[in-house]
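One file, start.cif, carrying mmCIF, C-alpha atoms:
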```cif
data_my_file
#
loop_
_atom_site.label_atom_id
_atom_site.label_comp_id
_atom_site.auth_asym_id
_atom_site.auth_seq_id
_atom_site.Cartn_x
_atom_site.Cartn_y
_atom_site.Cartn_z
CA MET A 26 -9.04 -4.07 -10.20
CA ARG A 27 -5.37 -3.86 -11.04
CA SER A 28 -4.17 -0.28 -10.69
CA GLY A 29 -1.83 1.48 -13.09
CA ALA A 30 -2.77 -0.82 -15.96
CA ALA A 31 -1.30 1.61 -18.46
CA ILE A 32 2.16 1.30 -16.96
CA LEU A 33 4.13 -1.60 -18.39
CA PRO A 34 6.08 -3.83 -15.95
CA LEU A 35 9.00 -6.18 -15.29
CA ALA A 36 11.01 -9.36 -15.30
CA LEU A 37 11.00 -12.36 -17.56
CA TYR A 38 8.48 -15.09 -17.03
CA VAL A 39 10.19 -18.46 -17.24
CA ALA A 40 7.88 -21.22 -18.37
CA ALA A 41 8.07 -24.42 -16.35
CA GLY A 42 10.87 -26.48 -17.77
CA GLY A 43 11.67 -23.93 -20.46
CA PRO A 44 13.81 -20.83 -21.06
CA ALA A 45 12.69 -17.21 -20.72
CA HIS A 46 11.00 -15.84 -23.83
CA ALA A 47 12.65 -12.97 -25.63
CA GLY A 48 10.93 -10.23 -27.62
CA PRO A 49 8.02 -7.90 -27.01
CA ALA A 50 5.79 -10.47 -25.26
CA ARG A 51 8.06 -10.88 -22.22
CA VAL A 52 6.12 -11.10 -18.98
CA ILE A 53 7.25 -10.85 -15.40
CA ALA A 54 6.81 -13.94 -13.27
CA CYS A 55 3.88 -14.02 -10.87
CA ASP A 56 4.51 -16.63 -8.21
CA PRO A 57 3.95 -15.30 -4.66
CA PRO A 58 5.23 -17.56 -1.88
CA LEU A 59 2.28 -19.47 -0.42
CA ASP A 60 1.57 -19.72 3.29
CA ARG A 61 4.78 -17.88 4.14
CA PRO A 62 4.64 -14.94 6.58
CA LEU A 63 5.73 -11.67 4.97
CA ARG A 64 6.13 -8.24 6.51
CA LEU A 65 5.29 -4.99 4.71
CA ILE A 66 6.83 -1.86 6.24
CA VAL A 67 5.75 1.54 4.91
CA THR A 68 7.38 4.70 6.29
CA GLN A 69 6.09 8.15 5.40
CA HIS A 70 8.31 11.20 5.69
CA MET A 71 6.10 14.28 5.83
CA TRP A 72 5.93 17.93 6.82
CA LEU A 73 3.67 19.25 9.56
CA ALA A 74 1.70 22.50 9.50
CA ASP A 75 4.37 24.20 11.64
CA GLY A 76 7.08 23.34 9.10
CA SER A 77 8.71 20.56 11.10
CA ALA A 78 9.48 17.14 9.63
CA ALA A 79 7.80 13.97 10.88
CA THR A 80 7.80 10.26 10.12
CA ALA A 81 5.17 7.57 10.58
CA THR A 82 5.60 3.84 9.99
CA VAL A 83 2.85 1.28 9.41
CA THR A 84 3.84 -2.40 9.52
CA ARG A 85 1.56 -5.14 8.21
CA ASP A 86 1.82 -8.91 8.25
CA LEU A 87 0.88 -10.54 4.92
CA ARG A 88 0.29 -14.12 3.88
CA PHE A 89 -0.64 -15.45 0.43
CA LEU A 90 -2.95 -18.47 0.42
CA ARG A 91 -4.57 -20.71 -2.16
CA ASP A 92 -7.85 -22.54 -1.62
CA GLY A 93 -10.74 -23.92 -3.65
CA GLN A 94 -11.69 -20.40 -4.74
CA GLY A 95 -8.21 -19.43 -5.90
CA MET A 96 -5.63 -17.05 -4.45
CA ALA A 97 -6.14 -14.79 -1.45
CA VAL A 98 -4.05 -12.50 0.76
CA GLU A 99 -4.53 -12.13 4.50
CA ALA A 100 -3.22 -8.96 6.10
CA ALA A 101 -3.19 -7.40 9.57
CA ILE A 102 -1.67 -4.34 11.20
CA ALA A 103 1.41 -5.46 13.13
CA GLY A 104 2.90 -2.17 14.28
CA LEU A 105 2.43 1.61 14.31
CA GLU A 106 5.29 4.00 15.04
CA THR A 107 5.89 7.74 14.83
CA ASP A 108 8.65 10.10 15.91
CA GLN A 109 6.07 12.63 17.13
CA PRO A 110 5.53 12.84 20.92
CA ASP A 111 2.30 11.74 22.54
CA GLY A 112 0.65 13.77 25.24
CA GLY A 113 -2.20 16.15 25.80
CA PRO A 114 -5.87 15.17 26.01
CA ALA A 115 -6.79 11.53 25.45
CA GLY A 116 -6.85 10.73 21.76
CA SER A 117 -4.71 13.74 20.79
CA GLY A 118 -1.29 12.02 20.71
CA ALA A 119 0.34 11.21 17.36
CA ARG A 120 0.39 7.44 17.87
CA GLU A 121 -3.13 7.47 19.29
CA ARG A 122 -4.31 9.08 16.09
CA MET A 123 -2.50 6.47 14.04
CA VAL A 124 -4.40 3.82 16.00
CA LEU A 125 -7.65 5.63 15.24
CA ALA A 126 -6.78 5.80 11.55
CA TYR A 127 -5.50 2.24 11.05
CA GLY A 128 -6.70 0.22 14.04
CA ALA A 129 -4.52 -1.15 16.82
CA PRO A 130 -2.01 -3.91 15.96
CA GLY A 131 -3.86 -7.22 15.64
CA GLU A 132 -7.25 -5.52 15.73
CA VAL A 133 -8.06 -5.10 12.04
CA ARG A 134 -7.63 -8.09 9.75
CA ILE A 135 -8.53 -8.29 6.08
CA ARG A 136 -8.78 -11.14 3.59
CA VAL A 137 -8.45 -10.07 -0.04
CA ARG A 138 -9.50 -12.33 -2.91
CA LEU A 139 -7.39 -12.21 -6.10
CA ASP A 140 -8.48 -13.29 -9.57
CA ALA A 141 -6.59 -15.55 -11.98
CA ALA A 142 -4.52 -12.59 -13.18
CA MET A 143 -3.57 -11.70 -9.56
CA ALA A 144 -5.68 -8.54 -9.64
CA ILE A 145 -7.68 -7.58 -6.56
CA ARG A 146 -11.21 -8.95 -6.96
CA ASP A 147 -13.02 -8.79 -3.63
CA VAL A 148 -12.74 -8.37 0.14
CA HIS A 149 -14.29 -10.76 2.63
CA SER A 150 -16.87 -9.15 4.96
CA LEU A 151 -16.63 -5.92 2.98
CA ASP A 152 -19.63 -4.23 4.64
CA LEU A 153 -18.35 -4.88 8.17
CA LEU A 154 -14.81 -3.76 7.36
CA TRP A 155 -16.09 -0.64 5.64
CA GLN A 156 -18.33 0.25 8.57
CA ASP A 157 -15.36 -0.11 10.93
CA PHE A 158 -13.16 2.00 8.62
CA ARG A 159 -15.71 4.82 8.45
CA HIS A 160 -16.17 4.76 12.22
CA ARG A 161 -12.44 5.03 12.82
CA GLN A 162 -12.04 7.93 10.38
CA ALA A 163 -14.90 9.78 12.07
CA ARG A 164 -13.23 9.30 15.45
CA LEU A 165 -9.93 10.54 14.01
CA ASP A 166 -11.61 13.64 12.59
CA ALA A 167 -13.28 14.37 15.93
CA SER A 168 -9.99 13.89 17.78
CA MET A 169 -8.15 16.34 15.53
CA ALA A 170 -10.91 18.93 15.88
CA GLN A 171 -10.80 18.65 19.68
CA GLY A 172 -7.03 19.09 19.59
CA GLY A 173 -7.39 22.32 17.65
CA LYS A 174 -6.00 20.80 14.45
CA PRO A 175 -8.98 20.05 12.20
CA ASN A 176 -7.98 18.37 8.95
CA LEU A 177 -9.87 19.65 5.90
CA ARG A 178 -8.74 16.63 3.88
CA THR A 179 -10.17 14.19 6.43
CA ASP A 180 -13.35 16.26 6.61
CA ALA A 181 -13.86 16.06 2.85
CA MET A 182 -13.03 12.36 2.77
CA LEU A 183 -15.63 11.59 5.43
CA ARG A 184 -18.32 13.19 3.31
CA SER A 185 -17.33 11.17 0.26
CA LEU A 186 -17.12 7.81 2.08
CA ALA A 187 -20.88 7.67 2.55
CA THR A 188 -21.57 7.57 -1.19
CA MET A 189 -18.88 5.13 -2.36
CA GLY A 190 -19.76 1.91 -4.14
CA ASP A 191 -18.14 -1.49 -3.62
CA ALA A 192 -15.34 -0.95 -6.15
CA GLU A 193 -14.25 2.30 -4.45
CA ARG A 194 -14.50 0.73 -1.00
CA ILE A 195 -12.33 -2.20 -2.06
CA GLY A 196 -9.83 0.22 -3.61
CA ILE A 197 -9.40 2.13 -0.35
CA LEU A 198 -9.24 -0.90 1.94
CA THR A 199 -6.66 -2.66 -0.26
CA ALA A 200 -4.55 0.36 -1.26
CA PHE A 201 -1.55 -1.07 0.63
CA LEU A 202 -1.52 -4.12 -1.69
CA LYS A 203 -1.48 -2.27 -5.01
CA PRO A 204 2.27 -1.47 -5.10
CA VAL A 205 3.01 -5.02 -3.89
CA LEU A 206 1.12 -6.57 -6.83
CA ARG A 207 1.57 -3.82 -9.39
CA TYR A 208 4.00 -5.66 -11.66
CA CYS A 209 3.02 -9.27 -10.96
CA GLY A 210 2.40 -11.01 -14.30
CA THR A 211 2.58 -7.86 -16.42
CA LEU A 212 4.64 -6.98 -19.48
CA THR A 213 8.26 -6.05 -18.88
CA PRO A 214 8.95 -2.38 -19.61
CA SER A 215 11.74 -1.71 -22.06
CA ASP A 216 13.59 0.47 -19.54
CA ALA A 217 13.49 -2.03 -16.64
CA VAL A 218 17.02 -2.58 -15.33
CA PRO A 219 17.85 -6.04 -13.94
CA SER A 220 20.42 -6.44 -11.17
CA PRO A 221 22.57 -9.45 -10.20
CA ASP A 222 20.44 -10.10 -7.11
CA GLY A 223 17.40 -10.92 -9.26
CA LEU A 224 15.62 -7.59 -8.81
CA LEU A 225 14.20 -5.44 -11.55
CA HIS A 226 14.53 -1.68 -11.09
CA ILE A 227 11.73 0.39 -12.60
CA LEU A 228 11.39 4.16 -12.56
CA THR A 229 7.88 5.63 -12.82
CA ARG A 230 6.71 9.21 -13.06
CA ALA A 231 3.25 10.77 -13.16
CA ASP A 232 2.60 14.51 -13.37
CA SER A 233 -0.86 16.05 -13.13
CA ALA A 234 -2.60 19.11 -11.68
CA GLY A 235 0.51 20.48 -10.00
CA VAL A 236 1.51 17.13 -8.48
CA SER A 237 4.64 15.15 -9.40
CA ASP A 238 4.74 11.50 -8.31
CA VAL A 239 8.07 9.71 -8.85
CA GLY A 240 8.72 6.13 -7.79
CA THR A 241 11.66 3.71 -7.94
CA TYR A 242 10.36 0.14 -7.76
CA ARG A 243 12.51 -2.88 -7.00
CA VAL A 244 10.61 -6.00 -8.00
CA ASP A 245 11.55 -9.61 -7.30
CA GLY A 246 11.97 -11.25 -10.71
CA ARG A 247 11.11 -14.69 -9.27
CA THR A 248 7.88 -13.90 -7.43
CA GLY A 249 6.70 -10.76 -9.21
CA LEU A 250 6.14 -9.01 -5.87
CA LEU A 251 7.49 -5.67 -4.79
CA ARG A 252 10.66 -5.89 -2.75
CA ALA A 253 11.18 -2.17 -2.16
CA LEU A 254 9.80 1.18 -3.29
CA GLU A 255 11.06 4.72 -2.89
CA ARG A 256 8.34 7.22 -3.76
CA SER A 257 8.34 11.02 -3.74
CA ILE A 258 5.24 13.19 -4.17
CA THR A 259 5.88 16.90 -4.75
CA LEU A 260 3.29 19.67 -4.93
CA ALA A 261 4.03 22.63 -7.18
CA SER A 262 2.96 24.86 -4.28
CA SER A 263 5.68 23.46 -1.98
CA PRO A 264 8.51 22.07 -4.14
CA LEU A 265 11.01 21.93 -1.26
CA ARG A 266 8.78 19.80 0.96
CA PRO A 267 7.98 16.55 -0.81
CA LEU A 268 6.11 13.70 0.83
CA ARG A 269 8.35 10.64 0.70
CA GLU A 270 7.45 7.00 1.21
CA ASP A 271 9.74 4.02 1.72
CA TRP A 272 8.19 0.56 1.21
CA LEU A 273 9.88 -2.70 2.15
CA LEU A 274 8.51 -6.24 1.78
CA GLN A 275 10.50 -9.00 3.45
CA PRO A 276 10.09 -12.46 5.00
CA GLN A 277 9.31 -12.50 8.69
#
```
Rewritten as structure tokens:
Amino acid sequence: MRSGAAILPLALYVAAGGPAHAGPARVIACDPPLDRPLRLIVTQHMWLADGSAATATVTRDLRFLRDGQGMAVEAAIAGLETDQPDGGPAGSGARERMVLAYGAPGEVRIRVRLDAAMAIRDVHSLDLLWQDFRHRQARLDASMAQGGKPNLRTDAMLRSLATMGDAERIGILTAFLKPVLRYCGTLTPSDAVPSPDGLLHILTRADSAGVSDVGTYRVDGRTGLLRALERSITLASSPLRPLREDWLLQPQ
């Protein structure tokens, strides 16, 4: 289930004991650090309905493991932050709604199974995790409606969740891992720019249906994992108010 398969990736794969291969078959290394705590920090910069700017940060703890079944990733919410004030009826505060959407720190844990190509293959206890996810989104939708700020997007999503198959469920529950693994073990794009610190800089752009999605990836050439990502999503209807995301993966 590797996403963005049509987009060619990064650094040189160095065979054990041998030099990097030159030419069109160059492949980025794919060697995540095993049993080492990592921290993934994703900050969204968005615009509220009243025109004011807001930020929200979701921090996850990650750990790559290998067992008799192959490679897996364990992840858990470690922190939720927002610059929006809490207050009002119970459940109506900005951080309270983040907790409803993502689960409180330490509350929701997921174990993701990867295949030999490091693509996402499965999620342990998928049915239970999905049931919990749907329940939390329903509570979030109810909270926003009670606060006088119903979200049409959340409303529509709730209706679609009930009919999703396993592949779609896995895609939603593991969406935070896709940028992290996007370039692991894939072909190096011709326009990737290496830097002295061992990172590969890759610019991506996707335009469709009035939406422009531009990303600047910084990928670790030794592990194949994302190190940082700056992403901007702009709607043709509001070109001066893009949604921006900053991703950072670092050792704990």
(request) Identify which of the residues A:Leu224, A:Ala129, A:Trp155, A:Arg247 lies closest to Glu193 (chain A), counting all atoms listed in the file when measuring atom-to-atom distances. (result)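 Looking only at the distances to Glu193 (chain A), the closest residue turns out to be A:Trp155.
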(request) Work out how far CA of Ser77 (chain A) is from CA of Leu268 (chain A), in Å to one decimal. (result)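 A separation of 12.6 Å between them.
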(request) Run the PyMOL selection byres ((chain A and resi 269) around 6) against the file shown and list the residues it catches, as an MDAnalysis selection string. (result) chainID A and resid 69:70 256:257 268 270
(request) Rounded to one decimal place, report the CA of Gln162 (chain A)-CA of Ile195 (chain A) distance in Å. (result)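 Between CA of Gln162 (chain A) and CA of Ile195 (chain A) the gap works out to 16.0 Å.
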(message) Residue by residue, what does the PyMOL selection byres ((chain A and resi 91-107) around 6) grab here? Present the result as a PyMOL selection string.
(response) chain A and resi 80-90+108-109+130-131+133-139
(request) Could you list the residues chosen by the PyMOL selection byres ((chain A and resi 253) around 10) in this structure as a count of residues only? (result) 23
(message) With distances taken over all atoms listed in the file, which residue among A:Gly235, A:Arg161, A:Ala144, A:Thr188 lies nearest Gly128 (chain A)?
(response) A:Arg161
